[in-house]
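Have a look at entry.cif; it's mmCIF, C-alpha atoms:
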data_final
#
loop_
_atom_site.group_PDB
_atom_site.id
_atom_site.type_symbol
_atom_site.label_atom_id
_atom_site.label_comp_id
_atom_site.auth_asym_id
_atom_site.auth_seq_id
_atom_site.Cartn_x
_atom_site.Cartn_y
_atom_site.Cartn_z
ATOM 1 C CA MET A 1 17.541 -5.382 -2.764
ATOM 2 C CA TRP A 2 19.807 -5.145 0.312
ATOM 3 C CA GLN A 3 22.191 -2.778 -1.478
ATOM 4 C CA GLN A 4 19.238 -0.711 -2.678
ATOM 5 C CA LEU A 5 17.904 -0.403 0.857
ATOM 6 C CA PHE A 6 21.237 0.607 2.332
ATOM 7 C CA THR A 7 23.289 3.076 0.331
ATOM 8 C CA PRO A 8 27.011 3.392 1.095
ATOM 9 C CA GLN A 9 26.227 6.457 3.208
ATOM 10 C CA ALA A 10 23.550 4.583 5.174
ATOM 11 C CA VAL A 11 25.931 1.656 5.730
ATOM 12 C CA ALA A 12 28.626 4.032 6.992
ATOM 13 C CA GLU A 13 26.189 5.657 9.412
ATOM 14 C CA LEU A 14 24.990 2.286 10.687
ATOM 15 C CA GLN A 15 28.527 1.068 11.215
ATOM 16 C CA GLU A 16 29.182 4.122 13.379
ATOM 17 C CA LEU A 17 26.221 3.160 15.542
ATOM 18 C CA VAL A 18 26.340 -0.644 15.683
ATOM 19 C CA THR A 19 28.222 -3.656 14.411
ATOM 20 C CA PHE A 20 26.542 -4.000 11.061
ATOM 21 C CA ASP A 21 27.278 -6.490 8.288
ATOM 22 C CA SER A 22 26.457 -4.795 4.989
ATOM 23 C CA ASP A 23 26.497 -8.063 3.002
ATOM 24 C CA PRO A 24 23.065 -9.317 1.928
ATOM 25 C CA PRO A 25 21.542 -11.967 4.251
ATOM 26 C CA THR A 26 22.330 -15.576 3.340
ATOM 27 C CA PRO A 27 20.120 -18.639 3.930
ATOM 28 C CA ALA A 28 22.272 -19.407 6.968
ATOM 29 C CA VAL A 29 21.517 -16.014 8.461
ATOM 30 C CA LEU A 30 17.806 -16.491 7.875
ATOM 31 C CA SER A 31 17.727 -19.902 9.573
ATOM 32 C CA LEU A 32 17.354 -20.612 13.292
ATOM 33 C CA PRO A 33 20.787 -20.401 14.979
ATOM 34 C CA GLU A 34 21.940 -23.533 16.774
ATOM 35 C CA GLN A 35 23.130 -21.616 19.846
ATOM 36 C CA PRO A 36 21.624 -18.511 21.464
ATOM 37 C CA ARG A 37 23.098 -15.219 20.295
ATOM 38 C CA ASP A 38 23.323 -12.885 23.265
ATOM 39 C CA ASP A 39 25.295 -10.311 21.267
ATOM 40 C CA VAL A 40 22.323 -9.314 19.096
ATOM 41 C CA ARG A 41 20.311 -6.329 20.360
ATOM 42 C CA ILE A 42 18.797 -5.069 17.107
ATOM 43 C CA MET A 43 17.399 -7.135 14.236
ATOM 44 C CA ILE A 44 16.682 -5.667 10.802
ATOM 45 C CA THR A 45 14.102 -7.552 8.733
ATOM 46 C CA SER A 46 12.645 -6.899 5.301
ATOM 47 C CA TRP A 47 10.716 -8.635 2.526
ATOM 48 C CA GLY A 48 11.257 -12.410 2.630
ATOM 49 C CA ALA A 49 12.498 -12.517 6.211
ATOM 50 C CA ARG A 50 11.967 -15.572 8.384
ATOM 51 C CA PRO A 51 8.974 -15.121 10.711
ATOM 52 C CA LEU A 52 10.025 -13.896 14.146
ATOM 53 C CA ASP A 53 8.213 -16.325 16.417
ATOM 54 C CA ALA A 54 8.828 -17.334 20.024
ATOM 55 C CA ALA A 55 11.321 -20.050 18.999
ATOM 56 C CA LEU A 56 13.489 -17.567 17.109
ATOM 57 C CA LEU A 57 13.131 -14.932 19.800
ATOM 58 C CA ASP A 58 14.425 -17.401 22.402
ATOM 59 C CA LYS A 59 17.651 -17.612 20.392
ATOM 60 C CA PHE A 60 18.196 -13.874 20.849
ATOM 61 C CA PRO A 61 17.709 -13.347 24.600
ATOM 62 C CA ARG A 62 19.021 -9.745 24.565
ATOM 63 C CA LEU A 63 17.090 -8.595 21.503
ATOM 64 C CA GLU A 64 15.578 -5.165 22.139
ATOM 65 C CA LEU A 65 14.375 -3.911 18.776
ATOM 66 C CA MET A 66 13.064 -5.426 15.570
ATOM 67 C CA MET A 67 13.409 -2.897 12.759
ATOM 68 C CA HIS A 68 11.244 -3.947 9.794
ATOM 69 C CA ALA A 69 12.558 -2.348 6.605
ATOM 70 C CA ALA A 70 9.458 -3.087 4.533
ATOM 71 C CA GLY A 71 5.701 -2.641 4.582
ATOM 72 C CA THR A 72 3.307 -4.893 6.473
ATOM 73 C CA VAL A 73 4.740 -6.867 9.407
ATOM 74 C CA ARG A 74 2.052 -9.556 9.424
ATOM 75 C CA GLU A 75 4.131 -12.190 7.624
ATOM 76 C CA VAL A 76 7.245 -11.599 9.702
ATOM 77 C CA LEU A 77 5.316 -11.315 12.998
ATOM 78 C CA PRO A 78 2.637 -14.020 12.945
ATOM 79 C CA ASP A 79 2.464 -14.102 16.766
ATOM 80 C CA PRO A 80 1.300 -10.785 18.293
ATOM 81 C CA ALA A 81 2.736 -11.901 21.655
ATOM 82 C CA VAL A 82 6.229 -11.223 20.293
ATOM 83 C CA GLY A 83 5.390 -7.538 20.460
ATOM 84 C CA GLU A 84 5.161 -7.799 24.244
ATOM 85 C CA ARG A 85 8.804 -8.850 24.508
ATOM 86 C CA ILE A 86 10.602 -6.398 22.219
ATOM 87 C CA LYS A 87 10.134 -3.004 20.587
ATOM 88 C CA ILE A 88 8.959 -3.121 16.970
ATOM 89 C CA CYS A 89 9.373 -0.348 14.424
ATOM 90 C CA THR A 90 8.231 -0.582 10.831
ATOM 91 C CA ALA A 91 8.800 1.324 7.616
ATOM 92 C CA SER A 92 5.180 0.799 6.560
ATOM 93 C CA GLN A 93 4.483 4.534 6.778
ATOM 94 C CA ILE A 94 7.638 5.260 4.770
ATOM 95 C CA ASN A 95 6.519 2.760 2.132
ATOM 96 C CA ALA A 96 3.074 4.375 2.151
ATOM 97 C CA ARG A 97 4.409 7.470 0.431
ATOM 98 C CA PRO A 98 5.131 5.976 -3.030
ATOM 99 C CA VAL A 99 1.858 4.008 -2.889
ATOM 100 C CA ALA A 100 -0.097 7.209 -2.239
ATOM 101 C CA GLU A 101 1.829 9.076 -4.945
ATOM 102 C CA PHE A 102 1.202 6.283 -7.466
ATOM 103 C CA THR A 103 -2.495 6.278 -6.592
ATOM 104 C CA LEU A 104 -2.696 10.047 -7.015
ATOM 105 C CA GLY A 105 -1.105 9.697 -10.450
ATOM 106 C CA ILE A 106 -3.699 7.133 -11.507
ATOM 107 C CA ILE A 107 -6.565 9.261 -10.170
ATOM 108 C CA LEU A 108 -5.409 12.385 -11.998
ATOM 109 C CA THR A 109 -4.715 10.518 -15.227
ATOM 110 C CA ALA A 110 -7.999 8.603 -15.111
ATOM 111 C CA LEU A 111 -10.213 11.608 -14.428
ATOM 112 C CA ARG A 112 -8.768 13.445 -17.434
ATOM 113 C CA GLU A 113 -9.963 10.457 -19.521
ATOM 114 C CA THR A 114 -6.372 9.936 -20.618
ATOM 115 C CA PHE A 115 -6.574 6.161 -20.909
ATOM 116 C CA SER A 116 -9.556 6.249 -23.289
ATOM 117 C CA TRP A 117 -7.936 8.702 -25.728
ATOM 118 C CA ARG A 118 -5.355 6.161 -26.892
ATOM 119 C CA LYS A 119 -8.079 3.747 -27.965
ATOM 120 C CA ARG A 120 -9.970 6.543 -29.766
ATOM 121 C CA PHE A 121 -6.937 7.618 -31.756
ATOM 122 C CA LEU A 122 -6.112 4.031 -32.709
ATOM 123 C CA LEU A 123 -9.624 3.508 -34.019
ATOM 124 C CA GLU A 124 -10.417 6.890 -35.575
ATOM 125 C CA GLY A 125 -7.166 8.762 -36.133
ATOM 126 C CA PRO A 126 -6.657 12.543 -36.183
ATOM 127 C CA GLN A 127 -10.211 13.480 -37.118
ATOM 128 C CA ILE A 128 -11.257 13.160 -33.475
ATOM 129 C CA TRP A 129 -8.739 15.822 -32.360
ATOM 130 C CA TRP A 130 -11.323 18.611 -32.223
ATOM 131 C CA GLY A 131 -14.633 16.809 -32.543
ATOM 132 C CA GLN A 132 -14.290 14.504 -29.553
ATOM 133 C CA ARG A 133 -12.971 17.290 -27.322
ATOM 134 C CA SER A 134 -16.444 18.840 -27.288
ATOM 135 C CA GLU A 135 -17.676 15.678 -25.541
ATOM 136 C CA PHE A 136 -14.941 15.772 -22.899
ATOM 137 C CA GLN A 137 -16.316 15.138 -19.399
ATOM 138 C CA GLY A 138 -13.023 14.905 -17.542
ATOM 139 C CA GLY A 139 -11.455 17.116 -14.933
ATOM 140 C CA TYR A 140 -11.118 17.308 -11.172
ATOM 141 C CA TYR A 141 -13.249 20.116 -9.806
ATOM 142 C CA GLY A 142 -16.383 18.817 -8.123
ATOM 143 C CA LYS A 143 -15.378 15.166 -8.476
ATOM 144 C CA THR A 144 -15.690 12.701 -5.607
ATOM 145 C CA VAL A 145 -12.992 10.263 -4.474
ATOM 146 C CA CYS A 146 -13.774 7.464 -2.020
ATOM 147 C CA LEU A 147 -10.931 5.853 -0.053
ATOM 148 C CA VAL A 148 -11.723 2.428 1.365
ATOM 149 C CA GLY A 149 -9.591 1.933 4.460
ATOM 150 C CA PHE A 150 -7.780 4.460 6.599
ATOM 151 C CA GLY A 151 -4.117 3.860 7.309
ATOM 152 C CA ALA A 152 -0.811 5.448 6.404
ATOM 153 C CA VAL A 153 -1.437 5.345 2.641
ATOM 154 C CA ALA A 154 -4.938 6.796 2.831
ATOM 155 C CA GLU A 155 -3.972 9.556 5.252
ATOM 156 C CA TYR A 156 -1.052 10.681 3.100
ATOM 157 C CA LEU A 157 -3.180 10.429 -0.041
ATOM 158 C CA ILE A 158 -5.779 12.728 1.535
ATOM 159 C CA SER A 159 -3.107 15.407 1.892
ATOM 160 C CA LEU A 160 -2.100 14.946 -1.761
ATOM 161 C CA LEU A 161 -5.705 15.197 -2.965
ATOM 162 C CA ARG A 162 -6.458 18.425 -1.095
ATOM 163 C CA PRO A 163 -5.134 20.940 -3.693
ATOM 164 C CA PHE A 164 -7.452 19.489 -6.361
ATOM 165 C CA GLU A 165 -10.635 20.292 -4.395
ATOM 166 C CA PHE A 166 -12.080 16.802 -4.538
ATOM 167 C CA GLU A 167 -14.839 15.762 -2.212
ATOM 168 C CA VAL A 168 -13.195 12.930 -0.274
ATOM 169 C CA LEU A 169 -15.213 10.100 1.280
ATOM 170 C CA VAL A 170 -13.624 7.526 3.592
ATOM 171 C CA VAL A 171 -14.940 4.071 4.447
ATOM 172 C CA SER A 172 -13.198 2.773 7.575
ATOM 173 C CA ASP A 173 -13.919 1.311 10.990
ATOM 174 C CA TYR A 174 -10.811 3.052 12.344
ATOM 175 C CA LEU A 175 -11.522 6.615 11.274
ATOM 176 C CA THR A 176 -13.243 8.617 14.003
ATOM 177 C CA GLU A 177 -15.654 11.437 13.269
ATOM 178 C CA GLU A 178 -13.234 13.817 14.995
ATOM 179 C CA LYS A 179 -10.352 12.756 12.761
ATOM 180 C CA ALA A 180 -12.584 12.977 9.697
ATOM 181 C CA ALA A 181 -13.481 16.558 10.598
ATOM 182 C CA GLU A 182 -9.795 17.407 11.131
ATOM 183 C CA LEU A 183 -8.916 16.017 7.681
ATOM 184 C CA GLN A 184 -11.987 17.595 6.046
ATOM 185 C CA VAL A 185 -13.290 14.277 4.740
ATOM 186 C CA THR A 186 -16.637 12.534 5.140
ATOM 187 C CA LYS A 187 -16.889 9.165 6.835
ATOM 188 C CA THR A 188 -19.459 6.952 5.159
ATOM 189 C CA THR A 189 -20.301 3.368 4.227
ATOM 190 C CA LEU A 190 -19.286 1.507 1.113
ATOM 191 C CA LEU A 191 -22.793 1.213 -0.321
ATOM 192 C CA GLU A 192 -23.474 4.879 0.355
ATOM 193 C CA ALA A 193 -20.222 5.917 -1.330
ATOM 194 C CA ALA A 194 -20.359 3.666 -4.398
ATOM 195 C CA PRO A 195 -23.077 5.569 -6.325
ATOM 196 C CA ARG A 196 -21.510 8.960 -5.486
ATOM 197 C CA ALA A 197 -17.826 8.385 -6.170
ATOM 198 C CA ASP A 198 -16.028 9.024 -9.441
ATOM 199 C CA VAL A 199 -13.125 7.022 -8.014
ATOM 200 C CA VAL A 200 -13.141 4.227 -5.436
ATOM 201 C CA SER A 201 -9.586 3.554 -4.237
ATOM 202 C CA LEU A 202 -8.776 0.571 -2.009
ATOM 203 C CA HIS A 203 -6.398 0.906 0.957
ATOM 204 C CA GLU A 204 -7.693 -1.707 3.367
ATOM 205 C CA ALA A 205 -5.607 -4.403 5.050
ATOM 206 C CA ASP A 206 -5.584 -7.989 3.765
ATOM 207 C CA LEU A 207 -7.532 -9.362 6.722
ATOM 208 C CA PRO A 208 -10.497 -11.785 6.702
ATOM 209 C CA PRO A 209 -13.232 -9.185 7.416
ATOM 210 C CA TYR A 210 -12.234 -7.217 4.310
ATOM 211 C CA ARG A 211 -11.647 -9.979 1.784
ATOM 212 C CA GLY A 212 -14.207 -9.851 -0.986
ATOM 213 C CA MET A 213 -15.662 -6.599 0.350
ATOM 214 C CA ILE A 214 -15.779 -5.200 -3.188
ATOM 215 C CA ASN A 215 -18.504 -7.586 -4.320
ATOM 216 C CA ARG A 216 -21.070 -7.562 -7.112
ATOM 217 C CA GLU A 217 -23.493 -5.378 -5.132
ATOM 218 C CA VAL A 218 -20.848 -2.701 -4.605
ATOM 219 C CA LEU A 219 -19.544 -2.872 -8.172
ATOM 220 C CA GLU A 220 -22.985 -2.604 -9.746
ATOM 221 C CA ALA A 221 -23.812 0.301 -7.430
ATOM 222 C CA MET A 222 -20.871 2.332 -8.750
ATOM 223 C CA LYS A 223 -21.757 5.143 -11.131
ATOM 224 C CA PRO A 224 -21.246 4.400 -14.855
ATOM 225 C CA GLY A 225 -17.733 5.234 -15.983
ATOM 226 C CA ALA A 226 -16.342 5.432 -12.444
ATOM 227 C CA TRP A 227 -12.908 4.040 -11.580
ATOM 228 C CA LEU A 228 -11.980 1.275 -9.149
ATOM 229 C CA ILE A 229 -8.302 1.508 -8.121
ATOM 230 C CA ASN A 230 -6.584 -1.219 -6.135
ATOM 231 C CA THR A 231 -3.051 -0.697 -4.804
ATOM 232 C CA ALA A 232 -3.748 -2.694 -1.636
ATOM 233 C CA ARG A 233 -4.365 -6.438 -1.998
ATOM 234 C CA GLY A 234 -6.165 -8.443 -4.646
ATOM 235 C CA ARG A 235 -8.319 -10.414 -2.230
ATOM 236 C CA LEU A 236 -10.278 -7.305 -1.293
ATOM 237 C CA ILE A 237 -12.146 -7.728 -4.577
ATOM 238 C CA ASP A 238 -14.449 -10.493 -5.774
ATOM 239 C CA GLU A 239 -12.581 -10.881 -9.064
ATOM 240 C CA GLU A 240 -15.273 -12.865 -10.845
ATOM 241 C CA ALA A 241 -17.796 -10.134 -10.075
ATOM 242 C CA LEU A 242 -15.330 -7.464 -11.212
ATOM 243 C CA ILE A 243 -14.690 -9.242 -14.504
ATOM 244 C CA ALA A 244 -18.435 -9.464 -15.150
ATOM 245 C CA VAL A 245 -18.928 -5.745 -14.487
ATOM 246 C CA LEU A 246 -15.905 -4.781 -16.605
ATOM 247 C CA GLU A 247 -17.107 -6.913 -19.496
ATOM 248 C CA LYS A 248 -20.364 -4.934 -19.470
ATOM 249 C CA GLY A 249 -18.335 -1.722 -19.734
ATOM 250 C CA HIS A 250 -19.964 -0.347 -16.583
ATOM 251 C CA ILE A 251 -16.768 0.932 -14.901
ATOM 252 C CA TRP A 252 -12.998 1.164 -15.327
ATOM 253 C CA ALA A 253 -10.420 -0.539 -13.128
ATOM 254 C CA ALA A 254 -6.750 0.188 -12.409
ATOM 255 C CA LEU A 255 -5.249 -2.825 -10.674
ATOM 256 C CA ASP A 256 -1.722 -2.954 -9.289
ATOM 257 C CA VAL A 257 -2.484 -6.181 -7.410
ATOM 258 C CA ALA A 258 -4.499 -9.328 -8.032
ATOM 259 C CA CYS A 259 -5.653 -12.396 -6.113
ATOM 260 C CA GLU A 260 -3.017 -14.424 -7.946
ATOM 261 C CA GLU A 261 0.181 -12.654 -8.976
ATOM 262 C CA PRO A 262 0.757 -12.699 -11.813
ATOM 263 C CA PRO A 263 -2.759 -13.490 -13.044
ATOM 264 C CA ARG A 264 -2.790 -16.749 -14.992
ATOM 265 C CA ASP A 265 -2.098 -16.746 -18.711
ATOM 266 C CA GLY A 266 -5.274 -15.795 -20.558
ATOM 267 C CA HIS A 267 -6.825 -13.996 -17.587
ATOM 268 C CA PRO A 268 -9.448 -11.419 -18.647
ATOM 269 C CA PHE A 269 -7.508 -8.616 -16.943
ATOM 270 C CA TYR A 270 -4.986 -8.784 -19.789
ATOM 271 C CA ARG A 271 -7.533 -8.236 -22.573
ATOM 272 C CA LEU A 272 -10.188 -5.962 -21.101
ATOM 273 C CA GLU A 273 -9.791 -2.488 -22.572
ATOM 274 C CA ASN A 274 -11.246 -0.839 -19.471
ATOM 275 C CA CYS A 275 -8.776 -2.581 -17.147
ATOM 276 C CA ILE A 276 -5.371 -0.950 -16.578
ATOM 277 C CA LEU A 277 -3.042 -3.581 -15.113
ATOM 278 C CA THR A 278 0.360 -2.900 -13.526
ATOM 279 C CA PRO A 279 2.679 -5.498 -11.916
ATOM 280 C CA HIS A 280 2.589 -4.523 -8.214
ATOM 281 C CA ILE A 281 4.770 -1.440 -8.663
ATOM 282 C CA ALA A 282 2.998 1.087 -6.429
ATOM 283 C CA GLY A 283 5.255 0.536 -3.407
ATOM 284 C CA SER A 284 8.927 1.300 -2.921
ATOM 285 C CA LEU A 285 11.102 0.104 -5.799
ATOM 286 C CA ARG A 286 14.700 0.727 -6.847
ATOM 287 C CA GLY A 287 15.821 4.190 -5.743
ATOM 288 C CA GLU A 288 12.825 4.659 -3.443
ATOM 289 C CA LEU A 289 14.075 1.785 -1.285
ATOM 290 C CA ALA A 290 16.880 4.031 -0.057
ATOM 291 C CA ARG A 291 14.257 6.159 1.720
ATOM 292 C CA ILE A 292 13.446 3.084 3.814
ATOM 293 C CA GLY A 293 17.123 2.464 4.564
ATOM 294 C CA ASP A 294 17.620 6.060 5.671
ATOM 295 C CA TYR A 295 14.611 5.699 7.972
ATOM 296 C CA VAL A 296 16.108 2.533 9.501
ATOM 297 C CA VAL A 297 19.265 4.463 10.347
ATOM 298 C CA ARG A 298 17.252 7.233 12.022
ATOM 299 C CA GLU A 299 15.154 4.791 14.024
ATOM 300 C CA ILE A 300 18.157 2.821 15.253
ATOM 301 C CA ARG A 301 19.789 6.087 16.303
ATOM 302 C CA ASN A 302 16.608 6.999 18.188
ATOM 303 C CA HIS A 303 16.695 3.635 19.951
ATOM 304 C CA LEU A 304 20.321 3.913 21.009
ATOM 305 C CA GLU A 305 19.934 7.508 22.181
ATOM 306 C CA GLY A 306 16.701 6.864 24.075
ATOM 307 C CA LYS A 307 14.668 9.197 21.868
ATOM 308 C CA PRO A 308 11.055 8.613 20.786
ATOM 309 C CA TYR A 309 10.615 6.345 17.788
ATOM 310 C CA GLU A 310 9.176 7.771 14.583
ATOM 311 C CA HIS A 311 6.975 4.761 13.841
ATOM 312 C CA GLU A 312 6.722 2.300 16.713
ATOM 313 C CA LEU A 313 4.191 -0.490 16.268
ATOM 314 C CA ARG A 314 2.154 -1.032 19.403
ATOM 315 C CA PRO A 315 1.487 -4.668 20.438
ATOM 316 C CA ALA A 316 -2.291 -4.093 20.507
ATOM 317 C CA SER A 317 -2.290 -3.283 16.780
ATOM 318 C CA LEU A 318 -0.495 -6.463 15.692
ATOM 319 C CA GLY A 319 -2.812 -8.786 13.805
ATOM 320 C CA LYS A 320 -5.384 -6.027 13.285
ATOM 321 C CA ARG A 321 -3.787 -3.602 10.847
ATOM 322 C CA ALA A 322 -1.482 -3.852 7.845
#
Can you dump the structure from the file as structure tokens?
Amino acid sequence: MWQQLFTPQAVAELQELVTFDSDPPTPAVLSLPEQPRDDVRIMITSWGARPLDAALLDKFPRLELMMHAAGTVREVLPDPAVGERIKICTASQINARPVAEFTLGIILTALRETFSWRKRFLLEGPQIWWGQRSEFQGGYYGKTVCLVGFGAVAEYLISLLRPFEFEVLVVSDYLTEEKAAELQVTKTTLLEAAPRADVVSLHEADLPPYRGMINREVLEAMKPGAWLINTARGRLIDEEALIAVLEKGHIWAALDVACEEPPRDGHPFYRLENCILTPHIAGSLRGELARIGDYVVREIRNHLEGKPYEHELRPASLGKRA
């Protein structure tokens, strides 16, 4: 992954700015150094990095900037107090782009009833080519999309949805009425949105207040044939309740995440025809990782030149947002 994050061009640019080792981190690098390192001013972290706690921070007395080349910083920054001692920048908004694009793709594909056509052709063959088209209920105009959570992914997704003339509902404690008006969306509650939405798409953080928020009451309130899309975290959904609702054929689900990844062998998600399962692929993968690496280079340049950061994480937000 390290080579995918940092292309040869990105490595060359970094080496012009700082002393940068382009080799992938080793277990020794990830462990706590025996002696303080006063030569380190910038630390780049990514998926799988050792948590940056007070003990590790004490080993880097001149550290100025932690540059997180991944999404959420919660696992690498378990102690919000660390944010009071150094500057923190994160690529979470950069990683939000492919998640939003993936979600848009699912929404557009789902609302054209694309996933159900495959099953129909397998069962009935070519005779449905014209006959079933007369029963087509798909399309985008006049449809309603509800986004649960308002962060980088949801805000970018709103901009992607705009050309399709959806009515967009947002369920979030963080979205103000003023911001909702600016984005031309409607702020609402989950139980108010569920019966109205053709799509409910989850973008909330994996924090205790939100775990299990998509419960049986919400699922049963959704309109028949609506879609539940989850590209956030599996624990937002009461999976047993979702399985029960899917087995009744009440709604469809597109799940890129699950409570347990991968779901255990024999899990109902694998067999349910109205459940589209993908293996946590919505975020940055392969070539898209280079976008994160290029951002890291820009942010480090900003730091060294005293320019404003693109995506600085404020200490007050640590522990509250993704």
- Just so the selection is clear, what residues does the PyMOL selection byres ((chain A and resi 76) around 10) cover here, as a ChimeraX atom specification? /A:45-53,68,72-75,77-79
So that I have them on file, write out the residues from the current selection with C-alpha atoms, as a tab-separated table (two decimals), in the coordinates of the input.
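For reference, selection-v7.tsv as written:
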chain	number	residue	atom	x	y	z
A	45	THR	CA	14.10	-7.55	8.73
A	46	SER	CA	12.64	-6.90	5.30
A	47	TRP	CA	10.72	-8.64	2.53
A	48	GLY	CA	11.26	-12.41	2.63
A	49	ALA	CA	12.50	-12.52	6.21
A	50	ARG	CA	11.97	-15.57	8.38
A	51	PRO	CA	8.97	-15.12	10.71
A	52	LEU	CA	10.02	-13.90	14.15
A	53	ASP	CA	8.21	-16.32	16.42
A	68	HIS	CA	11.24	-3.95	9.79
A	72	THR	CA	3.31	-4.89	6.47
A	73	VAL	CA	4.74	-6.87	9.41
A	74	ARG	CA	2.05	-9.56	9.42
A	75	GLU	CA	4.13	-12.19	7.62
A	77	LEU	CA	5.32	-11.32	13.00
A	78	PRO	CA	2.64	-14.02	12.94
A	79	ASP	CA	2.46	-14.10	16.77
- Selected residue of minimal separation from A:Arg97 among A:Val185, A:Leu246, A:Ile281, A:Ala154, counting all atoms listed in the file: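 The shortest atom-to-atom distance to A:Arg97 comes from A:Ala154.
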- For each of A:Ala205, A:Ala181, A:Ile106, A:Val11, take the minimum atom-to-atom distance to A:Leu161, counting only C-alpha atoms, then give the residue where this is smallest.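 Smallest separation from A:Leu161 among the options: A:Ile106.
For the atom pair formed by atom CA of A:Ala290 and atom CA of A:Phe150, the distance is 25.5 Å, given to one decimal.
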- Task: Please write the residues picked by the PyMOL selection byres ((chain A and resi 231) around 7) on this file as JSON, numbers by chain.
- Result: {"A": [202, 203, 229, 230, 232, 233, 255, 256, 257, 282]}
For those residues, write C-alpha atoms to a file as an mmCIF file, in the frame of the given file.
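Everything below was put into out31.cif:
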data_model
loop_
_atom_site.group_PDB
_atom_site.id
_atom_site.type_symbol
_atom_site.label_atom_id
_atom_site.label_comp_id
_atom_site.auth_asym_id
_atom_site.auth_seq_id
_atom_site.Cartn_x
_atom_site.Cartn_y
_atom_site.Cartn_z
ATOM 1 C CA LEU A 202 -8.776 0.571 -2.009
ATOM 2 C CA HIS A 203 -6.398 0.906 0.957
ATOM 3 C CA ILE A 229 -8.302 1.508 -8.121
ATOM 4 C CA ASN A 230 -6.584 -1.219 -6.135
ATOM 5 C CA ALA A 232 -3.748 -2.694 -1.636
ATOM 6 C CA ARG A 233 -4.365 -6.438 -1.998
ATOM 7 C CA LEU A 255 -5.249 -2.825 -10.674
ATOM 8 C CA ASP A 256 -1.722 -2.954 -9.289
ATOM 9 C CA VAL A 257 -2.484 -6.181 -7.410
ATOM 10 C CA ALA A 282 2.998 1.087 -6.429
#
- Query: What does the distance between atom CA of A:Met43 and atom CA of A:Met1 come to in Å, to one decimal place?
  - Reply: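 Between atom CA of A:Met43 and atom CA of A:Met1 the gap works out to 17.1 Å.
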- Query: Hey, what's within 12 Å of stretch 119-121 of chain A if we count all atoms listed in the file and toss same-chain stuff fewer than 3 positions away? As a ChimeraX atom specification, please?
  - Reply: /A:113-116,124-133,273-274
- Message: Can you measure atom CA of A:Ile237 to atom CA of A:Gln93 for me? One decimal in Å is fine.
- Response: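 Distance reported for this atom pair: 23.6 Å.
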- Message: Need to verify the contact set: A:Ala241, 9 Å, only C-alpha atoms, exclusion of same-chain residues closer than 4 positions in sequence. Can you return it as a list in words?
- Response: Ile214, Asn215, Arg216, Glu217, Leu219, Ile237, Val245 and Leu246 of chain A
- Query: Quick one: residues within 10 Å of A:Leu147, all atoms listed in the file counted, chain neighbours fewer than 4 positions away excluded, as JSON, numbers by chain?
  - Reply: {"A": [153, 154, 155, 157, 158, 168, 169, 170, 171, 172, 185, 187, 190, 193, 197, 199, 200, 201, 202, 203, 204, 229]}
Would you kindly identify which residues have an atom no farther than 10 Å from (-10.3, 18.0, -12.4), using only C-alpha atoms and the file's own coordinates, and write them out as a PDB file with C-alpha atoms, in the frame of the given file?
ATOM      1  CA  ILE A 107      -6.565   9.261 -10.170  1.00  0.00           C
ATOM      2  CA  LEU A 108      -5.409  12.385 -11.998  1.00  0.00           C
ATOM      3  CA  THR A 109      -4.715  10.518 -15.227  1.00  0.00           C
ATOM      4  CA  LEU A 111     -10.213  11.608 -14.428  1.00  0.00           C
ATOM      5  CA  ARG A 112      -8.768  13.445 -17.434  1.00  0.00           C
ATOM      6  CA  GLN A 137     -16.316  15.138 -19.399  1.00  0.00           C
ATOM      7  CA  GLY A 138     -13.023  14.905 -17.542  1.00  0.00           C
ATOM      8  CA  GLY A 139     -11.455  17.116 -14.933  1.00  0.00           C
ATOM      9  CA  TYR A 140     -11.118  17.308 -11.172  1.00  0.00           C
ATOM     10  CA  TYR A 141     -13.249  20.116  -9.806  1.00  0.00           C
ATOM     11  CA  GLY A 142     -16.383  18.817  -8.123  1.00  0.00           C
ATOM     12  CA  LYS A 143     -15.378  15.166  -8.476  1.00  0.00           C
ATOM     13  CA  PHE A 164      -7.452  19.489  -6.361  1.00  0.00           C
ATOM     14  CA  GLU A 165     -10.635  20.292  -4.395  1.00  0.00           C
ATOM     15  CA  PHE A 166     -12.080  16.802  -4.538  1.00  0.00           C
TER      16      PHE A 166
END
- Task: Find the residue from A:Ala70, A:Ala54, A:Leu313, A:Leu289 that sits nearest to A:Gln4; use all atoms listed in the file when measuring.
- Result: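 Comparing A:Ala70, A:Ala54, A:Leu313, A:Leu289 against A:Gln4, the winner is A:Leu289.
Compared by their closest atoms to A:Arg314, and using all atoms listed in the file, the residues A:Ala10, A:Ala55, A:Ala81, A:Ile251 rank with A:Ala81 nearest.
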- Message: List as number ranges by chain the residues having at least one atom at most 12 Å from position (25.2, 3.0, 10.3) as given in the file, counting all atoms listed in the file.
- Response: A: 6-22, 293-301, 304
- Item | Pick from A:Ile243, A:Pro80, A:Cys275, A:Gln35 nearest to A:Asp58, counting only C-alpha atoms |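 Using only C-alpha atoms, the shortest distance to A:Asp58 belongs to A:Gln35.
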- Task: Kindly indicate which residue among A:Asp173, A:Ala244, A:Lys223, A:Leu104 lies nearest to A:Pro209, using all atoms listed in the file for the distances.
- Result: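 Looking only at the distances to A:Pro209, the closest residue turns out to be A:Asp173.
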